[in-house]
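For reference, the structure is listed below as structure tokens.
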Amino acid sequence: MSALAHLHRPATIEEAVRLLAAGDGERVRLLAGGATLVAMMNAELVDPAELVSLAAIAELRGIRALADGGLRIGAMTRHRETAAEARLAGAAAVLREAAARIANPVVRNMGTIGGSIAFADPAADYPPALVAADAAVEIAGRRGRRQVPAREFFVDWFATALAPGEMVTAVLLAPPAPGRGSYDKLCRVSGDFAIASVALSVAWRDGACERVGLAVGGCGPRPLHLDEADALLRSGRLGEAAARRAGELLAAAADPLEDVRASAAYRRRVIPRMVERAVAQARAQLEANR
Amino acid sequence: MTTPDAAPVVGQSVPRLEVREKLTGRAQYVADLYRPRMLHGAILGSPHAHARIKSYDVSAARAAPGVHCVLTGEDFGDHRMGAFIKDEHAIAKGKVRYVGEPVAVVAAETEAQARAAARLVEVEYEELPAILTPAAALAPGAAVIHEELASYFKVFDAVCGGNVCSRTELAEGDVERGFRESDLFVEGRYRTQPQAHVSLEPCGALAEVDAAGRVTLWSANQSVFRVQANVCESLGLPMSRLRCLTPRVGAGFGNKMEAHVQPIVVKLALATGRPVRLVLTREEDFEIVRARHPFEVRVRTGVKRDGTFVAREVEVLLDGGAYADDSPGVLGYSLLMARGPYRIPHTRCRGTLVYTNKLRFGAFRGFGNPQVTFATETQIDEIAAQLGIDPVEIRRRNALGADDRWFGGQALASNGLPECIDVAERESGWNARAAARAAPGRRRGLGFACTAHIGGLLGTGAIVRMLEDGTVVLNTGAVDIGQGSDTVLTQIVAEALKLPLDQVSVASPDTDGSPYNWGTTASRVTYTTGRAVLAAAREVERQVKAHAAEMLECAEADLELLPGGAVGLKGVPGKTLPFVAISARAHWRKGGPIVGTNTWVFDRPTVDPKRAVATGLPFPQIGVYSFGAVAAEVEVDEVTGQVAVLRAWTVADVGRAINRASVEGQLEGAFAQGLGFALFEALVFDGPRLANPTLMDYKVPTSLEVPYELHAHIVEHPEPDGPFGAKGVGEIGINAVAAAIANAVAAATGARLRELPLTGERVLGALAAAAANTG
Amino acid sequence: MSTRRPLALRVNRAEHELFAAPGDTLLTALRDALGFTGAKRGCNQGACGACTVLVDDEPVRACLTLAHECAGREIVTIEGAAGAAQALQAAFEEAGAVQCGFCTPGMILTAAAMLERTPRPSADEVRAGLSGNLCRCSGYRKIVDAVLRAAETGAP
Ligand SMILES: Cc1cc2nc3c(=O)[nH]c(=O)nc-3n(C[C@H](O)[C@H](O)[C@H](O)COP(=O)(O)OP(=O)(O)OC[C@H]3O[C@@H](n4cnc5c(N)ncnc54)[C@H](O)[C@@H]3O)c2cc1C
Ligand code: FES
Ligand code: FES
């Protein structure tokens with residue numbers, strides 16, 4: 001029987017944080033879209049005593065432009081909204097494409113970016129996309145707000161940089177740069193979690209790569225990302241040899257599990273192949289732009 | 001739905017009679033039924049695959065809030081059920097034999113209370129070695145799963161012992177001679193995986209006891225009569241003490257044919273005196289009901305250089321899981337189908353079915369046929385490739401013709417196989433297939449496969465009763481599980497009596513009032529029950545005419561049925577009598593109410609002893625063959641090995657389509673289920689435990705995996721004694737799908753896979769191997 | 001320990017008063033407290049779509065939505081189907097898109113919301129739009145055709 005005794009609906013982030021701090025992380029939980037949390041409650045995997053619904057906090061909703069031209073995606077922004085966001089273009093399109101590949105239309109209408117990244121399922125779609133785009137995560141706690149780069153936010157299997165009592169308030173992106181963002185997801189059927197995924201974000205100017213971010217999902221405790229691979233691709237101008245080498249490096253660094261979706265060996269095997277394909281497609285677009 | 005002029009209704013795509021109720025949310029499935037003062041049941045499952053139960057402590061559970069009763073194996077008598085071998089108690093008793101097997105059950109005021117209390121039951125176990133594979137089951141010195149197997153009651157002459165549940169053999173001709181006479185033989189080993197039914201509605205039941213102690217039971221089922229038999233056998237109840245009814249059923253593909261929680265729920269209702277409902281969670285539905293058997297198949301086929309099939313030897317090994325359930329039937333049936341719809345004069349098929357400590361495997365659409373067909377139909381492509389003969393051509397040359405007989409010796413009264421092959425070949429553009437071009441990084445291929453299936457078996461009945469106003473009610477006891485039999489059987493009555501559809505109603509199956517019907521399974525309702533329905537309707541016609549002859553003072557032979565519910569004197573337009581006048585007379589003055597009944601049992605022997613020898617075959621009398629062919633076009637992603645089905649053509653000879661849309665619906669739905677079987681569906685065991693008993697982890701095809709270009713084509717070669725020529729369609733559509741897809745993958749890649757499912761992982765591996773071979 | 005609290009829900013354009021525990025899902029409230037059993041439970045995990053209902057015109061999984069989160073919102077179940085959903089009901093009947101019917105309510109409501117947004121979808125758009133609603137009976141072909149047919153008849 002559910003132990004749940006209270007469902008709070010605070011109107012501000014500060015109040016949410018205060019309610020959250022009253023618990024120990026197990027007893028009091030934040031409720032966002034519920035697509036993961038309520039499913040876990042139904043399966044009797046978690047049994048919180050209090051829930052803090054984020055639904056009434058206006059500040060957490062929607063996507064808006066920042067003063068520097070960057071984008072702020074509120075934690076309660078639904079996957080559907082992110083998938084439809086036209087400003088997520090160029091190098092930032094990786095996020096839009098990832099959002100569009102999450103689950104199915106109805107779940108995308110429920111799940112939020114904050115809930116997804118806070119849960120940090122290693123097979124989820126946002127984490128590698130955020131790492132590739134080099135986004136930052138805005139966090140609120142009793143001592144105010146802080147920002148953590150996405151590359152440091154995901155720390156282990158289902159573990160993030162969130163300290164007890166902290167919550168995600170937004171995802172922050174640098175001003176959109178011309179370029180290409182792509183998200184390739186390998187899964188058994190549409191809407192399944194990824195066996196492996198490749199997020200690629202390339203910013204270019206005048207035919208030259210300015211910034212490359214490449215991350216692999218589903219193949220380890222957190223999104224797989226190597227500065228060395230990014231640098232190789234940038235300096236190698238997305239060339240075939242650089243792509244091959246980057247893929248090999250990532251495959252070697254991967255720490256995939258064997259699970260019901262696929263074996264670890266298959267995951268290792270497809271990483272370089274998917275990386276090469278993603279890079280080849282970006283290269284083709286870059287060349288066409290020249 | 002009114003057809004005022006009573007135009008022919010057989011052959012029309014009449015919408016389901018109950019469609020509005022399903023469209024508006026009013027259809028009631030078992031979980032939608034609520035009774036006053038109803039309690040809720042919950043199950044505690046075994047954590048062990050194989051263990052002796054030493055003791056129970058139910059005190060904490062009994063004391064938990066809302067709890068009315070807690071039962072364990074000690075509360076159940078020593079009664080066993082089973083369709084073929086009576087080896088299963090209603091709940092684990094003495095031993096547990098698979099993880100999840102119910103060991104204790106609770107009834108409480110709420111579902112949550114029942115579930116919480118079930119977890120408080122303490123059971124002490126002594127673990128036994130878990131037997132998880134057929135090889136382990138057959139190993140010398142293996143732990144024995146059913147120590148009392150020899151003493152179990154069996155409905156057939158089972159060849160069993162140790163962990164062997166059943167051995168079956170079927171042979172025709174002289175297989176050694178056949179191989180000697182062959183120019184070439186091809187041999188292969190094939191494996192198929194366990195597949196879950198995933199009927200969208202989970203299994204459940206609701207039981208209520210009346211003041212006299214008699215029980216009424218509603219449940220998700222495919223046969224109220226099998227429910228009645230299973231519950232009464234496993235609880236030691238006289239059948240007269242149990243009435244089984246059916247609400248709407250959210251599909252059953254074999255999983256709801258034999259018992260699931262019905263015996264437990266009846267026991268809880270008897271113990272508490274209150275109505276009790278228990279609906280399984282999706283996880284429990286995966287873990288404790290049943291699934292499709294994994295098969296290991298060895299096939300060896302000998303051929304002449306011109307492609308003529310000469311000999312075949314098949315050996316299958318089935319993992320039956322912890323209880324026999326329908327497994328002996330699946331084994332026997334798979335052997336009967338292993339020669340396929342071809343002439344192969346010398347064939348020998350043998351099979352072994354073993355017990356293991358896993359969920360029971362049982363009936364699932366196709367009943368063993370999809371597994372052997374995957375093996376035999378992919379092997380035919382290998383033969384064709386070796387001989388340089390077109391895959392369709394080699395099938396056509398060897399296809400059973402009008403005068404040929406099925407493996408075992410049965411005559412084929414109708415055979416549309418050659419036409420099925422022609423239609424699938426033509427519609428798929430088979431001969432232009434080389435032109436198919438794939439995008440860069442992808443490869444395309446078209447694959448082909450054939451199959452057949454039976455639809456006639458066991459007992460059935462029908463009652464057609466004319467009401468006072470001349471309308472009629474049909475009562476067959478056949479459960480419509482969503483496939484549309486209520487509508488089809490109504491169409492048969494309406495056609496026979498020339499009544500508009502809305503003047504025929506269908507009684508819901510009820511073991512108190514319906515004639516016996518073995519069940520909605522084995523593609524049998526339209527043919528088997530349809531025959532009884534037509535005969536009962538003809539009996540009504542006879543009685544109606546007898547009355548009319550007296551009323552009009554003429555000979556019965558001069559009368560005819562007129563559209564809209566009337567009898568008329570042939571050639572005399574004014575001389576007519578509406579059914580209402582005849583029925584009123586029968587009810588109130590003369591002769592008695594008009595009731596047409598018919599019952600029969602399928603009695604053509606499966607095997608002709610002059611032609612074939614069989615041992616351990618558990619169904620002496622089945623038959624009536626439908627035929628089918630499938631073509632599928634696939635695209636393989638070279639990067640990941642993943643396979644997508646782009647287009648498909650599924651063709652079946654169903655004798656006569658009583659309802660075309662329903663037949664198409666069966667073929668399309670079966671294709672989708674076969675696609676899942678071919679490409680990704682698989683129950684994964686992590687040791688003894690199911691690793692993916694959820695819909696997050698076990699994936700079935702969505703609307704994006706099934707191609708929109710899924711074309712169902714109907715071929716009609718009437719079965720002489722079928723109702724309006726009809727024969728079965730429920731299963732034929734799934735059998736050849738995996739083989740057609742595997743053949744398409746081979747055509748696309750040159751890689752031949754002999755194990756299902758054809759995951760990206762396996763295909764990528766095979767692609768690499770094929771590249772290494774050629775390069 | 002969870003106690004049931006009063007809750008007012010607006011379902012199918014009418015106010016309903018009920019008691020629900022804080023952890024009760026909308027699906028439980030609709031089915032057990034209000035008798036709207038048209039929303040089906042196929043998995044309770046968000047994976048099958050049989051429980052799909054509309055909340056403020058958007059499709060959600062009733063099994064993953066807490067009942068108390070829905071106060072003040074407009075809930076539509078299959079029992080209250082109107083507009084596009086009614087056109088879909090007719091089209092499903094004509095196209096033979098209903099077999100066992102267990103997926104049907106969720107399919108129709110999901111498709112109705114999709115047609116609001118995309119009134120003239122292509123077959124592939126329909127397939128994508130319905131990809132979170134499982135049907136084990138039909139193979140989807142007739143369902144997709146029914147939605148296309150409803151889009152045609154519903155077009156201005
Ligand atoms: C059928 C199905 C299929 C799915 N498929 C995919 C898929 O393919 N790819 C994919 O990426 N995801 C998938 N998901 C997960 C989906 O994206 C979820 O929506 C997401 O993981 C959780 O988001 P939510 O808003 O629903 O969070 P909730 O379920 O409400 O919360 C999830 C967890 O995060 C915590 N939390 C929520 N918000 C915050 C916050 N702002 N700060 C800190 N902690 C917070 C909660 O306390 C909880 O522990 C699927 C889910 C379902 C049901
Ligand atoms: S019951 Fe809600 S999605 Fe299956
Ligand atoms: S009609 Fe049965 S699940 Fe769709």
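Each chain of the structure tokens is named A, B, ... in the order shown, its residues numbered from 1; ligands are numbered from 1 in display order.
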
Identify every residue of chain A that has at least one atom within 12 Å of any atom of chain C, counting only C-alpha atoms, and report the result as a PyMOL selection string.
chain A and resi 1-9+31-56+78+80+100-111+189-193

Should the cut-off be 7 Å, what would the residue list for chain B against chain C look like, counting only C-alpha atoms, as a PyMOL selection string?
chain B and resi 15+19+22-26+32+199-202+249-251+281-282+481-484+661+665+668-669+671-672+695-696+702-704+706+708+710

Would you save the residues of that selection, restricted to N, CA, C and O atoms, as a compact mmCIF listing (two decimals), in the first residue's frame?
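New file again-v2.txt:
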```txt
# COMPACT_ATOMS: atom_id res chain seq x y z
N PRO B 15 -19.80 -4.95 -40.26
CA PRO B 15 -19.12 -4.53 -39.03
C PRO B 15 -19.47 -5.44 -37.86
O PRO B 15 -20.56 -6.02 -37.83
N VAL B 19 -19.63 -3.60 -32.21
CA VAL B 19 -18.62 -2.56 -32.45
C VAL B 19 -18.93 -1.26 -31.72
O VAL B 19 -18.03 -0.61 -31.18
N LYS B 22 -17.75 -1.30 -28.23
CA LYS B 22 -16.30 -1.19 -28.08
C LYS B 22 -15.82 0.23 -28.42
O LYS B 22 -14.83 0.70 -27.86
N LEU B 23 -16.51 0.89 -29.32
CA LEU B 23 -16.10 2.24 -29.72
C LEU B 23 -16.45 3.28 -28.68
O LEU B 23 -15.86 4.36 -28.65
N THR B 24 -17.43 3.00 -27.86
CA THR B 24 -17.88 4.01 -26.91
C THR B 24 -17.41 3.72 -25.49
O THR B 24 -17.79 4.43 -24.57
N GLY B 25 -16.63 2.68 -25.32
CA GLY B 25 -16.12 2.39 -23.98
C GLY B 25 -17.08 1.61 -23.11
O GLY B 25 -16.87 1.47 -21.92
N ARG B 26 -18.16 1.13 -23.71
CA ARG B 26 -19.12 0.39 -22.89
C ARG B 26 -18.84 -1.09 -22.82
O ARG B 26 -19.46 -1.81 -22.04
N ASP B 32 -13.64 -4.79 -15.77
CA ASP B 32 -14.67 -3.76 -15.72
C ASP B 32 -15.90 -4.22 -14.94
O ASP B 32 -16.88 -3.48 -14.81
N SER B 199 -1.65 -10.50 -25.16
CA SER B 199 -3.02 -10.04 -25.38
C SER B 199 -3.11 -8.74 -24.62
O SER B 199 -2.63 -8.66 -23.49
N LEU B 200 -3.71 -7.72 -25.21
CA LEU B 200 -3.63 -6.42 -24.54
C LEU B 200 -4.35 -6.44 -23.19
O LEU B 200 -3.97 -5.73 -22.27
N GLU B 201 -5.37 -7.27 -23.08
CA GLU B 201 -6.03 -7.39 -21.79
C GLU B 201 -5.32 -8.47 -20.97
O GLU B 201 -5.25 -9.62 -21.39
N PRO B 202 -4.82 -8.12 -19.78
CA PRO B 202 -4.20 -9.16 -18.95
C PRO B 202 -5.26 -10.16 -18.47
O PRO B 202 -6.45 -9.85 -18.41
N VAL B 249 -13.68 -10.21 -24.23
CA VAL B 249 -12.32 -10.69 -24.02
C VAL B 249 -11.36 -9.83 -24.85
O VAL B 249 -11.56 -9.67 -26.06
N GLY B 250 -10.34 -9.30 -24.17
CA GLY B 250 -9.37 -8.43 -24.84
C GLY B 250 -8.29 -9.22 -25.53
O GLY B 250 -7.11 -9.05 -25.29
N ALA B 251 -8.75 -10.12 -26.39
CA ALA B 251 -7.94 -10.99 -27.23
C ALA B 251 -7.31 -12.13 -26.44
O ALA B 251 -7.02 -12.02 -25.24
N THR B 281 -1.38 -8.30 -12.98
CA THR B 281 -0.63 -7.17 -13.51
C THR B 281 0.02 -7.66 -14.82
O THR B 281 0.10 -8.86 -15.08
N ARG B 282 0.50 -6.73 -15.61
CA ARG B 282 1.17 -7.13 -16.85
C ARG B 282 2.37 -8.03 -16.54
O ARG B 282 2.62 -9.01 -17.24
N ILE B 481 -13.39 -13.82 -29.00
CA ILE B 481 -12.26 -13.23 -28.27
C ILE B 481 -11.78 -11.97 -28.96
O ILE B 481 -10.71 -11.46 -28.65
N GLY B 482 -12.59 -11.48 -29.88
CA GLY B 482 -12.22 -10.26 -30.60
C GLY B 482 -12.01 -10.53 -32.08
O GLY B 482 -11.92 -9.62 -32.89
N GLN B 483 -11.96 -11.81 -32.43
CA GLN B 483 -11.69 -12.16 -33.82
C GLN B 483 -12.95 -12.05 -34.66
O GLN B 483 -12.88 -12.04 -35.88
N GLY B 484 -14.12 -11.98 -34.01
CA GLY B 484 -15.34 -11.69 -34.75
C GLY B 484 -16.26 -12.87 -35.00
O GLY B 484 -17.10 -12.81 -35.90
N ALA B 661 -13.70 -8.37 -44.26
CA ALA B 661 -12.89 -7.49 -43.41
C ALA B 661 -12.31 -8.25 -42.22
O ALA B 661 -11.17 -8.02 -41.80
N GLY B 665 -8.49 -8.78 -41.40
CA GLY B 665 -8.02 -8.41 -40.06
C GLY B 665 -7.22 -9.52 -39.42
O GLY B 665 -6.19 -9.27 -38.76
N GLU B 668 -3.82 -9.67 -41.33
CA GLU B 668 -2.96 -8.53 -41.02
C GLU B 668 -2.41 -8.63 -39.59
O GLU B 668 -1.22 -8.42 -39.34
N GLY B 669 -3.31 -8.96 -38.66
CA GLY B 669 -2.88 -9.07 -37.26
C GLY B 669 -1.87 -10.20 -37.08
O GLY B 669 -0.89 -10.07 -36.34
N PHE B 671 0.13 -11.28 -39.36
CA PHE B 671 1.40 -10.87 -39.96
C PHE B 671 2.21 -10.05 -38.95
O PHE B 671 3.41 -10.26 -38.77
N ALA B 672 1.53 -9.11 -38.29
CA ALA B 672 2.23 -8.24 -37.33
C ALA B 672 2.84 -9.08 -36.20
O ALA B 672 3.96 -8.84 -35.77
N LEU B 695 6.21 -4.46 -20.51
CA LEU B 695 6.12 -3.95 -21.89
C LEU B 695 7.18 -2.89 -22.17
O LEU B 695 7.32 -2.44 -23.31
N MET B 696 7.92 -2.48 -21.15
CA MET B 696 9.08 -1.61 -21.40
C MET B 696 10.22 -2.46 -21.94
O MET B 696 11.02 -1.99 -22.75
N THR B 702 4.95 -1.88 -33.01
CA THR B 702 4.08 -0.72 -32.98
C THR B 702 3.65 -0.43 -34.42
O THR B 702 4.07 -1.11 -35.36
N SER B 703 2.87 0.62 -34.57
CA SER B 703 2.40 0.99 -35.91
C SER B 703 3.56 1.38 -36.82
O SER B 703 3.39 1.45 -38.03
N LEU B 704 4.74 1.64 -36.26
CA LEU B 704 5.86 2.00 -37.12
C LEU B 704 6.66 0.79 -37.59
O LEU B 704 7.39 0.89 -38.58
N VAL B 706 5.17 -2.20 -38.35
CA VAL B 706 4.35 -2.93 -39.32
C VAL B 706 4.16 -2.03 -40.53
O VAL B 706 3.76 -0.88 -40.39
N TYR B 708 2.78 -0.02 -43.61
CA TYR B 708 1.44 0.37 -44.07
C TYR B 708 1.08 -0.45 -45.30
O TYR B 708 -0.07 -0.82 -45.50
N LEU B 710 0.75 -3.38 -46.14
CA LEU B 710 0.52 -4.75 -45.69
C LEU B 710 -0.75 -5.19 -46.42
O LEU B 710 -1.84 -4.70 -46.12
```

Who sits within 10 Å of stretch 230-245 of chain A, only C-alpha atoms, same chain under 2 positions skipped, as an NGL selection string
:A and (132 or 200-204 or 207-215 or 225-228 or 247-251 or 272-273 or 275-284 or 286)

Provide the atom CA of A:Arg222 to atom CA of A:Thr169 distance in Å, to one decimal place.
20.6 Å

Near B:Ile734, within 7 Å and counting only C-alpha atoms, which residues show up once chain neighbours fewer than 6 positions away are dropped, as a list in words?
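The contact residues come out as Gly366, Pro370, Ala670, Phe671, Gln673 and Gly674 of chain B.
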
For a quick test of understanding: name the residues of chain B lying within 9 Å of chain A when counting only C-alpha atoms, and present them as an mmCIF file with N, CA and C atoms, in the first residue's frame.
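Produced file part_16.cif, reproduced below:
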```cif
data_model
loop_
_atom_site.group_PDB
_atom_site.id
_atom_site.type_symbol
_atom_site.label_atom_id
_atom_site.label_comp_id
_atom_site.auth_asym_id
_atom_site.auth_seq_id
_atom_site.Cartn_x
_atom_site.Cartn_y
_atom_site.Cartn_z
ATOM 1 N N GLU B 111 -7.350 -4.028 -3.536
ATOM 2 C CA GLU B 111 -6.260 -4.649 -4.267
ATOM 3 C C GLU B 111 -4.938 -4.397 -3.541
ATOM 4 N N ALA B 112 -4.759 -3.170 -3.094
ATOM 5 C CA ALA B 112 -3.504 -2.812 -2.431
ATOM 6 C C ALA B 112 -3.328 -3.620 -1.147
ATOM 7 N N GLN B 113 -4.400 -3.776 -0.396
ATOM 8 C CA GLN B 113 -4.306 -4.569 0.840
ATOM 9 C C GLN B 113 -3.975 -6.026 0.528
ATOM 10 N N ARG B 115 -2.368 -7.195 -2.050
ATOM 11 C CA ARG B 115 -0.980 -7.325 -2.517
ATOM 12 C C ARG B 115 -0.013 -7.193 -1.343
ATOM 13 N N ALA B 116 -0.308 -6.246 -0.463
ATOM 14 C CA ALA B 116 0.575 -6.055 0.695
ATOM 15 C C ALA B 116 0.565 -7.302 1.573
ATOM 16 N N VAL B 639 24.829 -0.548 -41.307
ATOM 17 C CA VAL B 639 25.579 -0.041 -40.156
ATOM 18 C C VAL B 639 25.249 -0.823 -38.889
ATOM 19 N N THR B 640 23.972 -1.109 -38.709
ATOM 20 C CA THR B 640 23.546 -1.734 -37.445
ATOM 21 C C THR B 640 23.042 -3.168 -37.610
ATOM 22 N N GLN B 642 20.093 -3.821 -38.503
ATOM 23 C CA GLN B 642 18.656 -3.851 -38.232
ATOM 24 C C GLN B 642 17.826 -4.042 -39.494
ATOM 25 N N LEU B 679 11.567 -10.653 -35.850
ATOM 26 C CA LEU B 679 12.616 -9.643 -35.722
ATOM 27 C C LEU B 679 13.085 -9.323 -34.302
ATOM 28 N N PHE B 680 12.197 -9.298 -33.322
ATOM 29 C CA PHE B 680 12.716 -8.845 -32.023
ATOM 30 C C PHE B 680 12.034 -9.417 -30.793
ATOM 31 N N ALA B 682 11.238 -11.599 -27.840
ATOM 32 C CA ALA B 682 11.881 -12.743 -27.189
ATOM 33 C C ALA B 682 11.776 -12.587 -25.685
ATOM 34 N N LEU B 683 11.285 -13.623 -25.035
ATOM 35 C CA LEU B 683 11.360 -13.646 -23.583
ATOM 36 C C LEU B 683 12.791 -14.030 -23.239
ATOM 37 N N VAL B 684 13.411 -13.219 -22.401
ATOM 38 C CA VAL B 684 14.802 -13.463 -22.044
ATOM 39 C C VAL B 684 14.853 -13.978 -20.611
ATOM 40 N N ALA B 691 13.775 -12.017 -17.456
ATOM 41 C CA ALA B 691 14.449 -10.723 -17.320
ATOM 42 C C ALA B 691 13.623 -9.580 -17.892
ATOM 43 N N ASN B 692 12.625 -9.897 -18.701
ATOM 44 C CA ASN B 692 11.889 -8.789 -19.341
ATOM 45 C C ASN B 692 10.374 -8.962 -19.284
ATOM 46 N N MET B 696 7.922 -2.477 -21.146
ATOM 47 C CA MET B 696 9.076 -1.611 -21.402
ATOM 48 C C MET B 696 10.224 -2.461 -21.945
ATOM 49 N N ASP B 697 10.314 -3.684 -21.468
ATOM 50 C CA ASP B 697 11.464 -4.520 -21.820
ATOM 51 C C ASP B 697 11.149 -5.581 -22.865
ATOM 52 N N TYR B 698 9.905 -6.030 -22.912
ATOM 53 C CA TYR B 698 9.494 -6.970 -23.962
ATOM 54 C C TYR B 698 8.756 -6.142 -24.995
ATOM 55 N N LYS B 699 9.255 -6.092 -26.194
ATOM 56 C CA LYS B 699 8.689 -5.199 -27.195
ATOM 57 C C LYS B 699 7.858 -5.941 -28.228
ATOM 58 N N VAL B 700 6.677 -5.417 -28.490
ATOM 59 C CA VAL B 700 5.851 -5.932 -29.587
ATOM 60 C C VAL B 700 5.807 -4.858 -30.668
ATOM 61 N N PRO B 701 5.440 -5.230 -31.886
ATOM 62 C CA PRO B 701 5.470 -4.239 -32.968
ATOM 63 C C PRO B 701 4.505 -3.086 -32.709
ATOM 64 N N THR B 702 4.952 -1.883 -33.007
ATOM 65 C CA THR B 702 4.078 -0.715 -32.981
ATOM 66 C C THR B 702 3.651 -0.429 -34.420
ATOM 67 N N SER B 703 2.867 0.616 -34.572
ATOM 68 C CA SER B 703 2.405 0.989 -35.912
ATOM 69 C C SER B 703 3.559 1.379 -36.822
ATOM 70 N N LEU B 704 4.736 1.638 -36.262
ATOM 71 C CA LEU B 704 5.861 2.001 -37.123
ATOM 72 C C LEU B 704 6.664 0.795 -37.593
ATOM 73 N N GLU B 705 6.555 -0.332 -36.903
ATOM 74 C CA GLU B 705 7.285 -1.522 -37.378
ATOM 75 C C GLU B 705 6.494 -2.278 -38.433
ATOM 76 N N THR B 759 17.673 -10.314 -34.911
ATOM 77 C CA THR B 759 18.017 -9.012 -34.340
ATOM 78 C C THR B 759 19.116 -8.351 -35.163
ATOM 79 N N GLY B 760 19.250 -7.054 -34.976
ATOM 80 C CA GLY B 760 20.332 -6.329 -35.639
ATOM 81 C C GLY B 760 21.667 -6.981 -35.344
ATOM 82 N N GLU B 761 21.797 -7.417 -34.118
ATOM 83 C CA GLU B 761 23.047 -8.040 -33.695
ATOM 84 C C GLU B 761 23.357 -9.288 -34.528
ATOM 85 N N LEU B 764 23.935 -8.317 -38.286
ATOM 86 C CA LEU B 764 25.239 -7.674 -38.506
ATOM 87 C C LEU B 764 26.349 -8.714 -38.477
ATOM 88 N N GLY B 765 26.250 -9.641 -37.548
ATOM 89 C CA GLY B 765 27.234 -10.717 -37.472
ATOM 90 C C GLY B 765 27.245 -11.549 -38.741
#
```

Could you tell me, as a PyMOL selection string, which residues of stretch 65-197 of chain A DSSP assigns to helix (DSSP H, G or I) when given the backbone?
chain A and resi 79-83+90-100+105-108+113-119+126-132+150-153

Between A:Leu19, A:Ala133, A:Ala194, A:Leu172, which one has atoms that come closest to ligand 1, using only C-alpha atoms and all ligand atoms?
A:Ala194

B:Glu169: which residues within 10 Å, counting only C-alpha atoms, same-chain residues fewer than 6 positions away excluded, as a VMD selection string?
chain B and resid 314 to 315 331 to 332 335 to 336 348 to 352 613 to 617

Residues near B:Asn163, cut-off 7 Å, only C-alpha atoms, skip fewer than 3 positions along chain, as an MDAnalysis selection string:
chainID B and resid 137:138 144:145 354:355

Take the residues from that selection and write them out as a PDB file, in the first residue's frame, keeping N, CA, C and O atoms.
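Output below, filename out.pdb:
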```pdb
ATOM      1  N   ALA B 137      17.634 -31.096 -18.812  1.00  0.00           N
ATOM      2  CA  ALA B 137      16.537 -31.988 -18.427  1.00  0.00           C
ATOM      3  C   ALA B 137      16.827 -33.423 -18.840  1.00  0.00           C
ATOM      4  O   ALA B 137      16.440 -34.369 -18.153  1.00  0.00           O
ATOM      5  N   LEU B 138      17.498 -33.584 -19.976  1.00  0.00           N
ATOM      6  CA  LEU B 138      17.751 -34.923 -20.514  1.00  0.00           C
ATOM      7  C   LEU B 138      19.055 -35.528 -19.999  1.00  0.00           C
ATOM      8  O   LEU B 138      19.330 -36.706 -20.238  1.00  0.00           O
ATOM      9  N   VAL B 144      14.572 -34.633 -11.129  1.00  0.00           N
ATOM     10  CA  VAL B 144      13.307 -34.915 -11.802  1.00  0.00           C
ATOM     11  C   VAL B 144      12.262 -33.892 -11.365  1.00  0.00           C
ATOM     12  O   VAL B 144      12.076 -33.646 -10.173  1.00  0.00           O
ATOM     13  N   ILE B 145      11.618 -33.296 -12.338  1.00  0.00           N
ATOM     14  CA  ILE B 145      10.687 -32.207 -12.029  1.00  0.00           C
ATOM     15  C   ILE B 145       9.333 -32.746 -11.579  1.00  0.00           C
ATOM     16  O   ILE B 145       8.723 -32.211 -10.667  1.00  0.00           O
ATOM     17  N   VAL B 354      10.246 -31.859 -23.291  1.00  0.00           N
ATOM     18  CA  VAL B 354      10.756 -32.079 -21.934  1.00  0.00           C
ATOM     19  C   VAL B 354      10.237 -31.028 -20.968  1.00  0.00           C
ATOM     20  O   VAL B 354       9.915 -29.904 -21.343  1.00  0.00           O
ATOM     21  N   TYR B 355      10.191 -31.455 -19.719  1.00  0.00           N
ATOM     22  CA  TYR B 355       9.879 -30.510 -18.643  1.00  0.00           C
ATOM     23  C   TYR B 355      11.151 -29.748 -18.279  1.00  0.00           C
ATOM     24  O   TYR B 355      12.252 -30.316 -18.260  1.00  0.00           O
TER      25      TYR B 355
END
```
